[in-house]
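Chemist: File target04.txt below, compact mmCIF, N, CA and C atoms:
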```txt
# COMPACT_ATOMS: atom_id res chain seq x y z
N MET A 221 -0.41 -217.28 82.64
CA MET A 221 0.51 -217.83 83.61
C MET A 221 1.92 -217.36 83.28
N LEU A 222 2.66 -216.95 84.27
CA LEU A 222 4.05 -216.50 84.14
C LEU A 222 4.21 -215.29 83.24
N GLY A 223 3.15 -214.62 82.90
CA GLY A 223 3.25 -213.40 82.12
C GLY A 223 3.38 -213.60 80.63
N PHE A 224 3.35 -214.85 80.15
CA PHE A 224 3.47 -215.08 78.71
C PHE A 224 2.20 -214.63 78.02
N GLY A 225 2.34 -213.89 76.94
CA GLY A 225 1.20 -213.44 76.17
C GLY A 225 0.56 -212.17 76.71
N LYS A 226 1.08 -211.66 77.83
CA LYS A 226 0.52 -210.42 78.37
C LYS A 226 1.06 -209.23 77.57
N LYS A 227 0.22 -208.23 77.44
CA LYS A 227 0.64 -207.00 76.76
C LYS A 227 1.59 -206.24 77.67
N LYS A 228 2.71 -205.78 77.10
CA LYS A 228 3.67 -205.01 77.86
C LYS A 228 3.18 -203.57 77.96
N PRO A 229 3.35 -202.95 79.12
CA PRO A 229 2.86 -201.57 79.28
C PRO A 229 3.68 -200.58 78.44
N ASP A 230 2.99 -199.61 77.84
CA ASP A 230 3.64 -198.57 77.08
C ASP A 230 4.10 -197.42 77.98
N ASP A 231 3.43 -197.28 79.11
CA ASP A 231 3.73 -196.21 80.05
C ASP A 231 4.93 -196.60 80.92
N PRO A 232 6.01 -195.80 80.92
CA PRO A 232 7.17 -196.15 81.73
C PRO A 232 6.85 -196.24 83.23
N LYS A 233 5.94 -195.40 83.70
CA LYS A 233 5.57 -195.45 85.12
C LYS A 233 4.94 -196.80 85.46
N GLU A 234 4.06 -197.26 84.60
CA GLU A 234 3.42 -198.57 84.82
C GLU A 234 4.45 -199.70 84.76
N ALA A 235 5.38 -199.62 83.82
CA ALA A 235 6.41 -200.64 83.69
C ALA A 235 7.30 -200.67 84.94
N LEU A 236 7.66 -199.51 85.47
CA LEU A 236 8.47 -199.46 86.68
C LEU A 236 7.70 -199.97 87.89
N ASP A 237 6.41 -199.65 87.96
CA ASP A 237 5.59 -200.19 89.05
C ASP A 237 5.52 -201.71 88.98
N ASN A 238 5.35 -202.25 87.78
CA ASN A 238 5.29 -203.71 87.60
C ASN A 238 6.62 -204.36 87.99
N ALA A 239 7.73 -203.74 87.59
CA ALA A 239 9.05 -204.29 87.94
C ALA A 239 9.25 -204.26 89.45
N ASP A 240 8.84 -203.17 90.09
CA ASP A 240 8.97 -203.05 91.54
C ASP A 240 8.14 -204.12 92.25
N LYS A 241 6.92 -204.33 91.78
CA LYS A 241 6.06 -205.37 92.38
C LYS A 241 6.66 -206.76 92.19
N ALA A 242 7.13 -207.05 90.98
CA ALA A 242 7.67 -208.38 90.69
C ALA A 242 8.91 -208.67 91.53
N LEU A 243 9.70 -207.66 91.81
CA LEU A 243 10.94 -207.86 92.54
C LEU A 243 10.74 -207.88 94.04
N ASN A 244 9.74 -207.20 94.54
CA ASN A 244 9.63 -207.00 95.99
C ASN A 244 8.37 -207.56 96.63
N LYS A 245 7.42 -208.04 95.87
CA LYS A 245 6.16 -208.48 96.46
C LYS A 245 5.81 -209.88 95.97
N GLY A 246 5.02 -210.54 96.76
CA GLY A 246 4.45 -211.82 96.37
C GLY A 246 5.46 -212.93 96.18
N VAL A 247 5.04 -213.94 95.44
CA VAL A 247 5.85 -215.13 95.22
C VAL A 247 7.12 -214.79 94.43
N SER A 248 6.99 -213.95 93.41
CA SER A 248 8.18 -213.62 92.61
C SER A 248 9.20 -212.86 93.44
N GLY A 249 8.75 -212.00 94.34
CA GLY A 249 9.68 -211.29 95.23
C GLY A 249 10.37 -212.25 96.18
N PHE A 250 9.60 -213.19 96.72
CA PHE A 250 10.18 -214.20 97.61
C PHE A 250 11.21 -215.05 96.86
N MET A 251 10.87 -215.44 95.64
CA MET A 251 11.79 -216.27 94.84
C MET A 251 13.07 -215.49 94.50
N ALA A 252 12.91 -214.22 94.15
CA ALA A 252 14.09 -213.41 93.81
C ALA A 252 15.02 -213.30 95.01
N LYS A 253 14.46 -213.03 96.18
CA LYS A 253 15.29 -212.90 97.38
C LYS A 253 15.91 -214.24 97.77
N THR A 254 15.17 -215.31 97.60
CA THR A 254 15.66 -216.62 98.00
C THR A 254 16.76 -217.13 97.07
N PHE A 255 16.52 -217.08 95.77
CA PHE A 255 17.45 -217.70 94.83
C PHE A 255 18.50 -216.74 94.28
N MET A 256 18.20 -215.46 94.21
CA MET A 256 19.16 -214.50 93.66
C MET A 256 19.97 -213.81 94.76
N GLY A 257 19.42 -213.73 95.94
CA GLY A 257 20.14 -213.14 97.07
C GLY A 257 19.83 -211.67 97.28
N LYS A 258 20.15 -211.22 98.47
CA LYS A 258 19.87 -209.84 98.86
C LYS A 258 20.66 -208.83 98.04
N ASP A 259 21.92 -209.13 97.71
CA ASP A 259 22.73 -208.20 96.92
C ASP A 259 22.09 -207.94 95.56
N PHE A 260 21.63 -209.01 94.90
CA PHE A 260 20.98 -208.86 93.60
C PHE A 260 19.73 -207.99 93.72
N VAL A 261 18.90 -208.26 94.72
CA VAL A 261 17.66 -207.52 94.89
C VAL A 261 17.97 -206.05 95.20
N ASP A 262 18.99 -205.80 96.02
CA ASP A 262 19.36 -204.41 96.34
C ASP A 262 19.84 -203.67 95.09
N LYS A 263 20.65 -204.33 94.27
CA LYS A 263 21.14 -203.69 93.03
C LYS A 263 19.99 -203.46 92.05
N ALA A 264 19.09 -204.41 91.94
CA ALA A 264 17.94 -204.24 91.05
C ALA A 264 17.05 -203.10 91.54
N ASN A 265 16.83 -203.01 92.85
CA ASN A 265 16.03 -201.91 93.40
C ASN A 265 16.71 -200.57 93.16
N ALA A 266 18.04 -200.53 93.27
CA ALA A 266 18.77 -199.29 92.99
C ALA A 266 18.58 -198.89 91.53
N SER A 267 18.59 -199.86 90.63
CA SER A 267 18.38 -199.57 89.21
C SER A 267 16.96 -199.07 88.95
N ILE A 268 15.99 -199.68 89.60
CA ILE A 268 14.60 -199.24 89.45
C ILE A 268 14.45 -197.81 89.97
N ASN A 269 15.08 -197.52 91.12
CA ASN A 269 15.00 -196.16 91.68
C ASN A 269 15.67 -195.15 90.77
N MET A 270 16.79 -195.52 90.15
CA MET A 270 17.46 -194.62 89.21
C MET A 270 16.58 -194.39 87.99
N ALA A 271 15.94 -195.44 87.50
CA ALA A 271 15.04 -195.28 86.36
C ALA A 271 13.87 -194.37 86.72
N LYS A 272 13.34 -194.51 87.93
CA LYS A 272 12.25 -193.63 88.37
C LYS A 272 12.71 -192.18 88.40
N GLN A 273 13.94 -191.96 88.84
CA GLN A 273 14.47 -190.61 88.92
C GLN A 273 14.60 -189.98 87.54
N TYR A 274 15.08 -190.74 86.57
CA TYR A 274 15.38 -190.18 85.26
C TYR A 274 14.24 -190.29 84.26
N THR A 275 13.15 -190.94 84.63
CA THR A 275 11.98 -190.95 83.75
C THR A 275 10.92 -189.98 84.25
N ASP A 276 11.28 -189.14 85.21
CA ASP A 276 10.35 -188.17 85.80
C ASP A 276 9.12 -188.89 86.35
N TYR A 277 9.38 -189.94 87.11
CA TYR A 277 8.35 -190.80 87.68
C TYR A 277 7.31 -190.02 88.48
N ASP A 278 7.77 -189.06 89.27
CA ASP A 278 6.84 -188.33 90.13
C ASP A 278 6.40 -186.99 89.54
N GLY A 279 6.84 -186.65 88.33
CA GLY A 279 6.40 -185.43 87.67
C GLY A 279 7.13 -184.17 88.11
N LYS A 280 8.17 -184.31 88.93
CA LYS A 280 8.89 -183.15 89.44
C LYS A 280 9.58 -182.36 88.32
N ASN A 281 10.22 -183.07 87.40
CA ASN A 281 10.93 -182.38 86.31
C ASN A 281 9.96 -181.62 85.41
N ALA A 282 8.82 -182.20 85.13
CA ALA A 282 7.82 -181.52 84.30
C ALA A 282 7.34 -180.25 85.00
N ALA A 283 7.14 -180.33 86.30
CA ALA A 283 6.71 -179.15 87.05
C ALA A 283 7.79 -178.08 87.04
N LEU A 284 9.06 -178.49 87.20
CA LEU A 284 10.14 -177.52 87.17
C LEU A 284 10.28 -176.87 85.79
N MET A 285 10.06 -177.65 84.73
CA MET A 285 10.14 -177.08 83.39
C MET A 285 9.10 -175.99 83.20
N GLN A 286 7.93 -176.16 83.81
CA GLN A 286 6.85 -175.19 83.65
C GLN A 286 6.96 -174.02 84.63
N THR A 287 7.30 -174.30 85.88
CA THR A 287 7.23 -173.25 86.90
C THR A 287 8.58 -172.83 87.45
N GLY A 288 9.65 -173.53 87.07
CA GLY A 288 10.96 -173.21 87.62
C GLY A 288 11.49 -171.87 87.14
N MET A 289 12.33 -171.28 87.96
CA MET A 289 12.97 -170.01 87.62
C MET A 289 14.17 -170.30 86.71
N PRO A 290 14.29 -169.58 85.60
CA PRO A 290 15.42 -169.82 84.70
C PRO A 290 16.69 -169.18 85.24
N GLY A 291 17.80 -169.70 84.80
CA GLY A 291 19.09 -169.15 85.17
C GLY A 291 20.18 -169.82 84.37
N THR A 292 21.40 -169.39 84.59
CA THR A 292 22.56 -170.04 83.98
C THR A 292 23.43 -170.54 85.12
N ALA A 293 24.21 -171.55 84.82
CA ALA A 293 25.09 -172.11 85.83
C ALA A 293 26.44 -172.40 85.21
N GLU A 294 27.47 -172.13 85.98
CA GLU A 294 28.83 -172.46 85.58
C GLU A 294 29.21 -173.77 86.25
N VAL A 295 29.77 -174.69 85.47
CA VAL A 295 30.19 -175.98 86.01
C VAL A 295 31.50 -175.78 86.77
N ILE A 296 31.46 -176.05 88.08
CA ILE A 296 32.66 -175.93 88.91
C ILE A 296 33.42 -177.24 88.92
N THR A 297 32.70 -178.35 89.17
CA THR A 297 33.30 -179.68 89.09
C THR A 297 32.30 -180.61 88.43
N ILE A 298 32.81 -181.67 87.84
CA ILE A 298 31.95 -182.70 87.26
C ILE A 298 32.62 -184.05 87.53
N THR A 299 31.81 -184.99 88.01
CA THR A 299 32.31 -186.31 88.37
C THR A 299 31.41 -187.37 87.76
N ASP A 300 32.01 -188.32 87.06
CA ASP A 300 31.25 -189.43 86.48
C ASP A 300 30.91 -190.43 87.57
N THR A 301 29.65 -190.88 87.62
CA THR A 301 29.23 -191.86 88.62
C THR A 301 29.47 -193.30 88.16
N GLY A 302 29.71 -193.48 86.86
CA GLY A 302 29.87 -194.82 86.31
C GLY A 302 28.56 -195.42 85.83
N ALA A 303 27.44 -194.77 86.15
CA ALA A 303 26.13 -195.27 85.73
C ALA A 303 25.79 -194.70 84.35
N LEU A 304 24.96 -195.43 83.62
CA LEU A 304 24.50 -195.00 82.30
C LEU A 304 22.98 -195.06 82.25
N ILE A 305 22.38 -194.09 81.57
CA ILE A 305 20.95 -194.09 81.27
C ILE A 305 20.85 -193.96 79.76
N ASN A 306 20.33 -194.98 79.10
CA ASN A 306 20.28 -194.99 77.63
C ASN A 306 21.63 -194.67 77.01
N TYR A 307 22.67 -195.26 77.56
CA TYR A 307 24.06 -195.09 77.11
C TYR A 307 24.60 -193.68 77.34
N ASN A 308 23.88 -192.84 78.07
CA ASN A 308 24.36 -191.51 78.42
C ASN A 308 24.87 -191.56 79.86
N PRO A 309 26.02 -190.93 80.14
CA PRO A 309 26.59 -191.01 81.49
C PRO A 309 25.79 -190.19 82.50
N VAL A 310 25.74 -190.71 83.72
CA VAL A 310 25.16 -189.99 84.84
C VAL A 310 26.33 -189.33 85.58
N VAL A 311 26.23 -188.03 85.80
CA VAL A 311 27.31 -187.27 86.43
C VAL A 311 26.78 -186.49 87.62
N VAL A 312 27.69 -186.13 88.49
CA VAL A 312 27.40 -185.21 89.59
C VAL A 312 28.16 -183.93 89.28
N MET A 313 27.41 -182.82 89.20
CA MET A 313 28.02 -181.53 88.89
C MET A 313 27.84 -180.56 90.05
N GLN A 314 28.92 -179.90 90.42
CA GLN A 314 28.86 -178.79 91.35
C GLN A 314 28.70 -177.54 90.50
N LEU A 315 27.65 -176.77 90.74
CA LEU A 315 27.31 -175.63 89.89
C LEU A 315 27.28 -174.33 90.67
N LYS A 316 27.72 -173.26 90.02
CA LYS A 316 27.53 -171.91 90.55
C LYS A 316 26.42 -171.30 89.70
N VAL A 317 25.26 -171.15 90.32
CA VAL A 317 24.05 -170.71 89.61
C VAL A 317 23.92 -169.19 89.69
N GLN A 318 23.67 -168.59 88.54
CA GLN A 318 23.37 -167.16 88.46
C GLN A 318 21.91 -167.02 88.06
N PRO A 319 21.01 -166.82 89.03
CA PRO A 319 19.59 -166.68 88.70
C PRO A 319 19.33 -165.36 87.98
N GLN A 320 18.19 -165.27 87.32
CA GLN A 320 17.81 -164.01 86.68
C GLN A 320 17.67 -162.91 87.72
N TYR A 321 17.13 -163.26 88.87
CA TYR A 321 16.92 -162.31 89.94
C TYR A 321 17.53 -162.88 91.21
N GLY A 322 18.25 -162.06 91.93
CA GLY A 322 18.82 -162.50 93.20
C GLY A 322 20.29 -162.84 93.10
N PRO A 323 20.86 -163.15 94.27
CA PRO A 323 22.30 -163.43 94.32
C PRO A 323 22.63 -164.83 93.80
N PRO A 324 23.86 -165.03 93.33
CA PRO A 324 24.26 -166.37 92.89
C PRO A 324 24.39 -167.32 94.08
N PHE A 325 24.27 -168.60 93.79
CA PHE A 325 24.42 -169.63 94.83
C PHE A 325 25.05 -170.86 94.21
N GLU A 326 25.58 -171.72 95.07
CA GLU A 326 26.17 -172.98 94.60
C GLU A 326 25.26 -174.13 95.00
N THR A 327 25.21 -175.13 94.13
CA THR A 327 24.42 -176.32 94.41
C THR A 327 25.04 -177.49 93.66
N GLN A 328 24.55 -178.67 93.97
CA GLN A 328 25.04 -179.90 93.33
C GLN A 328 23.86 -180.60 92.69
N VAL A 329 24.07 -181.17 91.51
CA VAL A 329 23.00 -181.89 90.82
C VAL A 329 23.56 -183.19 90.25
N LYS A 330 22.77 -184.24 90.36
CA LYS A 330 23.11 -185.53 89.76
C LYS A 330 22.17 -185.72 88.60
N THR A 331 22.72 -185.84 87.39
CA THR A 331 21.87 -185.89 86.20
C THR A 331 22.55 -186.68 85.09
N ALA A 332 21.74 -187.15 84.16
CA ALA A 332 22.27 -187.78 82.95
C ALA A 332 22.57 -186.66 81.95
N VAL A 333 23.68 -186.79 81.25
CA VAL A 333 24.06 -185.81 80.22
C VAL A 333 24.31 -186.55 78.91
N SER A 334 24.17 -185.83 77.82
CA SER A 334 24.39 -186.42 76.51
C SER A 334 25.86 -186.83 76.37
N LYS A 335 26.08 -188.04 75.90
CA LYS A 335 27.47 -188.50 75.76
C LYS A 335 28.23 -187.74 74.68
N ILE A 336 27.52 -187.05 73.79
CA ILE A 336 28.20 -186.28 72.76
C ILE A 336 28.35 -184.81 73.15
N ALA A 337 27.81 -184.41 74.30
CA ALA A 337 27.93 -183.02 74.75
C ALA A 337 28.09 -182.98 76.27
N ILE A 338 29.07 -183.70 76.79
CA ILE A 338 29.30 -183.72 78.23
C ILE A 338 29.87 -182.36 78.65
N PRO A 339 29.24 -181.70 79.62
CA PRO A 339 29.77 -180.41 80.07
C PRO A 339 31.17 -180.56 80.66
N ARG A 340 31.95 -179.49 80.54
CA ARG A 340 33.30 -179.46 81.12
C ARG A 340 33.36 -178.36 82.16
N VAL A 341 34.36 -178.42 83.02
CA VAL A 341 34.55 -177.38 84.02
C VAL A 341 34.67 -176.04 83.31
N GLY A 342 33.92 -175.05 83.78
CA GLY A 342 33.93 -173.72 83.19
C GLY A 342 32.81 -173.48 82.20
N ASP A 343 32.17 -174.54 81.71
CA ASP A 343 31.06 -174.38 80.76
C ASP A 343 29.88 -173.70 81.45
N LYS A 344 29.13 -172.93 80.68
CA LYS A 344 27.88 -172.31 81.13
C LYS A 344 26.73 -173.14 80.57
N ILE A 345 25.79 -173.51 81.43
CA ILE A 345 24.64 -174.30 81.01
C ILE A 345 23.36 -173.60 81.47
N ASN A 346 22.27 -173.84 80.76
CA ASN A 346 20.98 -173.29 81.13
C ASN A 346 20.29 -174.24 82.09
N ILE A 347 19.66 -173.68 83.10
CA ILE A 347 18.99 -174.48 84.12
C ILE A 347 17.65 -173.85 84.47
N LYS A 348 16.84 -174.61 85.17
CA LYS A 348 15.64 -174.11 85.85
C LYS A 348 15.69 -174.69 87.25
N TYR A 349 15.27 -173.89 88.24
CA TYR A 349 15.36 -174.34 89.62
C TYR A 349 14.14 -173.87 90.40
N ASN A 350 13.95 -174.49 91.54
CA ASN A 350 12.88 -174.13 92.46
C ASN A 350 13.45 -173.10 93.44
N PRO A 351 12.97 -171.85 93.43
CA PRO A 351 13.54 -170.84 94.33
C PRO A 351 13.31 -171.16 95.81
N ALA A 352 12.28 -171.94 96.12
CA ALA A 352 12.01 -172.30 97.51
C ALA A 352 12.96 -173.41 98.00
N ASN A 353 13.50 -174.21 97.05
CA ASN A 353 14.42 -175.30 97.40
C ASN A 353 15.45 -175.39 96.27
N THR A 354 16.56 -174.72 96.44
CA THR A 354 17.54 -174.62 95.35
C THR A 354 18.24 -175.93 95.02
N THR A 355 17.99 -176.98 95.80
CA THR A 355 18.55 -178.29 95.45
C THR A 355 17.73 -178.95 94.34
N GLU A 356 16.51 -178.47 94.11
CA GLU A 356 15.68 -178.97 93.00
C GLU A 356 16.03 -178.17 91.76
N LEU A 357 16.74 -178.82 90.84
CA LEU A 357 17.28 -178.13 89.67
C LEU A 357 17.32 -179.10 88.51
N ILE A 358 17.03 -178.59 87.32
CA ILE A 358 17.16 -179.41 86.11
C ILE A 358 17.98 -178.65 85.08
N VAL A 359 18.74 -179.40 84.33
CA VAL A 359 19.52 -178.86 83.23
C VAL A 359 18.63 -178.89 82.00
N ILE A 360 18.53 -177.75 81.31
CA ILE A 360 17.69 -177.71 80.11
C ILE A 360 18.51 -177.47 78.86
```
Once you've parsed the file, please lay out its structure as C-alpha cells.

Modeler:
Amino acid sequence: MLGFGKKKPDDPKEALDNADKALNKGVSGFMAKTFMGKDFVDKANASINMAKQYTDYDGKNAALMQTGMPGTAEVITITDTGALINYNPVVVMQLKVQPQYGPPFETQVKTAVSKIAIPRVGDKINIKYNPANTTELIVI
C-alpha cells in the first residue's frame, strides 16, 4: 500500500515511466492535480520530459553515437537555460558544423554540458549528427 516496501527500479526508463504514471494517471494523478494544482503538474511533467530527453529515453542518442556522421562544430553562441541535469547546466548552442564530407551548415542544439568544461564562443567541439536530419545532433 502506498508504495512502502516496494523495490525501486534500477532502470531509469522504468523509473520515469512510473513517475509519469503516478503524476498523470489514476488516483494519484487526480490527487496531484486537485491538491497541488495545474502549475505544479505542468512543471513536474516538464521535468520528467527533460529527464527523458537527457537519459536517452528513446535510444536516439545511442543510435547517433553508432551511426551518426562525425564532424566538428564551432560554437557561435551559447545561452544558459537555467536548468540543471546532475548539477550540470543545460545550454542552447548555435553551431557551425563542418562535416567530414559535404558543405558546412548551421544548427542549434539544446544539451547538458559539464560544469567544469562549459564551451565558449569560438570553441571547436566534436559532434555526431544525422545527415538526413541535421537538427539531430549530439556533442561527444

Chemist: Can you tell me which residues surround range 280-297 of chain A at a distance of at most 7 Å, considering only N, CA and C atoms, apart from same-chain residues fewer than 5 positions away, and format the answer as a PyMOL selection string?

Modeler: chain A and resi 312-321+340-351+358

Chemist: Using DSSP on the backbone coordinates, identify all residues within chain A classified as strand (DSSP E); present the result as a PyMOL selection string.

Modeler: chain A and resi 289-305+308-319+325-332+344-350+353-359

Chemist: If you run DSSP over the backbone, which residues in chain A end up alpha helix (DSSP H)? Put them as a tab-separated table (two decimals) with N, CA and C atoms, in the coordinates of the input.

Modeler:
```tsv
chain	number	residue	atom	x	y	z
A	232	PRO	N	6.01	-195.80	80.92
A	232	PRO	CA	7.17	-196.15	81.73
A	232	PRO	C	6.85	-196.24	83.23
A	233	LYS	N	5.94	-195.40	83.70
A	233	LYS	CA	5.57	-195.45	85.12
A	233	LYS	C	4.94	-196.80	85.46
A	234	GLU	N	4.06	-197.26	84.60
A	234	GLU	CA	3.42	-198.57	84.82
A	234	GLU	C	4.45	-199.70	84.76
A	235	ALA	N	5.38	-199.62	83.82
A	235	ALA	CA	6.41	-200.64	83.69
A	235	ALA	C	7.30	-200.67	84.94
A	236	LEU	N	7.66	-199.51	85.47
A	236	LEU	CA	8.47	-199.46	86.68
A	236	LEU	C	7.70	-199.97	87.89
A	237	ASP	N	6.41	-199.65	87.96
A	237	ASP	CA	5.59	-200.19	89.05
A	237	ASP	C	5.52	-201.71	88.98
A	238	ASN	N	5.35	-202.25	87.78
A	238	ASN	CA	5.29	-203.71	87.60
A	238	ASN	C	6.62	-204.36	87.99
A	239	ALA	N	7.73	-203.74	87.59
A	239	ALA	CA	9.05	-204.29	87.94
A	239	ALA	C	9.25	-204.26	89.45
A	240	ASP	N	8.84	-203.17	90.09
A	240	ASP	CA	8.97	-203.05	91.54
A	240	ASP	C	8.14	-204.12	92.25
A	241	LYS	N	6.92	-204.33	91.78
A	241	LYS	CA	6.06	-205.37	92.38
A	241	LYS	C	6.66	-206.76	92.19
A	242	ALA	N	7.13	-207.05	90.98
A	242	ALA	CA	7.67	-208.38	90.69
A	242	ALA	C	8.91	-208.67	91.53
A	243	LEU	N	9.70	-207.66	91.81
A	243	LEU	CA	10.94	-207.86	92.54
A	243	LEU	C	10.74	-207.88	94.04
A	244	ASN	N	9.74	-207.20	94.54
A	244	ASN	CA	9.63	-207.00	95.99
A	244	ASN	C	8.37	-207.56	96.63
A	246	GLY	N	5.02	-210.54	96.76
A	246	GLY	CA	4.45	-211.82	96.37
A	246	GLY	C	5.46	-212.93	96.18
A	247	VAL	N	5.04	-213.94	95.44
A	247	VAL	CA	5.85	-215.13	95.22
A	247	VAL	C	7.12	-214.79	94.43
A	248	SER	N	6.99	-213.95	93.41
A	248	SER	CA	8.18	-213.62	92.61
A	248	SER	C	9.20	-212.86	93.44
A	249	GLY	N	8.75	-212.00	94.34
A	249	GLY	CA	9.68	-211.29	95.23
A	249	GLY	C	10.37	-212.25	96.18
A	250	PHE	N	9.60	-213.19	96.72
A	250	PHE	CA	10.18	-214.20	97.61
A	250	PHE	C	11.21	-215.05	96.86
A	251	MET	N	10.87	-215.44	95.64
A	251	MET	CA	11.79	-216.27	94.84
A	251	MET	C	13.07	-215.49	94.50
A	258	LYS	N	20.15	-211.22	98.47
A	258	LYS	CA	19.87	-209.84	98.86
A	258	LYS	C	20.66	-208.83	98.04
A	259	ASP	N	21.92	-209.13	97.71
A	259	ASP	CA	22.73	-208.20	96.92
A	259	ASP	C	22.09	-207.94	95.56
A	260	PHE	N	21.63	-209.01	94.90
A	260	PHE	CA	20.98	-208.86	93.60
A	260	PHE	C	19.73	-207.99	93.72
A	261	VAL	N	18.90	-208.26	94.72
A	261	VAL	CA	17.66	-207.52	94.89
A	261	VAL	C	17.97	-206.05	95.20
A	262	ASP	N	18.99	-205.80	96.02
A	262	ASP	CA	19.36	-204.41	96.34
A	262	ASP	C	19.84	-203.67	95.09
A	263	LYS	N	20.65	-204.33	94.27
A	263	LYS	CA	21.14	-203.69	93.03
A	263	LYS	C	19.99	-203.46	92.05
A	264	ALA	N	19.09	-204.41	91.94
A	264	ALA	CA	17.94	-204.24	91.05
A	264	ALA	C	17.05	-203.10	91.54
A	265	ASN	N	16.83	-203.01	92.85
A	265	ASN	CA	16.03	-201.91	93.40
A	265	ASN	C	16.71	-200.57	93.16
A	266	ALA	N	18.04	-200.53	93.27
A	266	ALA	CA	18.77	-199.29	92.99
A	266	ALA	C	18.58	-198.89	91.53
A	267	SER	N	18.59	-199.86	90.63
A	267	SER	CA	18.38	-199.57	89.21
A	267	SER	C	16.96	-199.07	88.95
A	268	ILE	N	15.99	-199.68	89.60
A	268	ILE	CA	14.60	-199.24	89.45
A	268	ILE	C	14.45	-197.81	89.97
A	269	ASN	N	15.08	-197.52	91.12
A	269	ASN	CA	15.00	-196.16	91.68
A	269	ASN	C	15.67	-195.15	90.77
A	270	MET	N	16.79	-195.52	90.15
A	270	MET	CA	17.46	-194.62	89.21
A	270	MET	C	16.58	-194.39	87.99
A	271	ALA	N	15.94	-195.44	87.50
A	271	ALA	CA	15.04	-195.28	86.36
A	271	ALA	C	13.87	-194.37	86.72
A	272	LYS	N	13.34	-194.51	87.93
A	272	LYS	CA	12.25	-193.63	88.37
A	272	LYS	C	12.71	-192.18	88.40
A	273	GLN	N	13.94	-191.96	88.84
A	273	GLN	CA	14.47	-190.61	88.92
A	273	GLN	C	14.60	-189.98	87.54
A	274	TYR	N	15.08	-190.74	86.57
A	274	TYR	CA	15.38	-190.18	85.26
A	274	TYR	C	14.24	-190.29	84.26
A	280	LYS	N	8.17	-184.31	88.93
A	280	LYS	CA	8.89	-183.15	89.44
A	280	LYS	C	9.58	-182.36	88.32
A	281	ASN	N	10.22	-183.07	87.40
A	281	ASN	CA	10.93	-182.38	86.31
A	281	ASN	C	9.96	-181.62	85.41
A	282	ALA	N	8.82	-182.20	85.13
A	282	ALA	CA	7.82	-181.52	84.30
A	282	ALA	C	7.34	-180.25	85.00
A	283	ALA	N	7.14	-180.33	86.30
A	283	ALA	CA	6.71	-179.15	87.05
A	283	ALA	C	7.79	-178.08	87.04
A	284	LEU	N	9.06	-178.49	87.20
A	284	LEU	CA	10.14	-177.52	87.17
A	284	LEU	C	10.28	-176.87	85.79
A	285	MET	N	10.06	-177.65	84.73
A	285	MET	CA	10.14	-177.08	83.39
A	285	MET	C	9.10	-175.99	83.20
A	286	GLN	N	7.93	-176.16	83.81
A	286	GLN	CA	6.85	-175.19	83.65
A	286	GLN	C	6.96	-174.02	84.63
A	287	THR	N	7.30	-174.30	85.88
A	287	THR	CA	7.23	-173.25	86.90
A	287	THR	C	8.58	-172.83	87.45
```

Chemist: Rounded to one decimal, what separation in Å do you get between CA of Ile305 in chain A and CA of Asn269 in chain A?

Modeler: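 Going from CA of Ile305 in chain A over to CA of Asn269 in chain A covers 12.2 Å.
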
Chemist: Interatomic distance between CA of Val247 in chain A and atom C of Phe260 in chain A?

Modeler: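 Computed distance, CA of Val247 in chain A to atom C of Phe260 in chain A, equals 15.7 Å.
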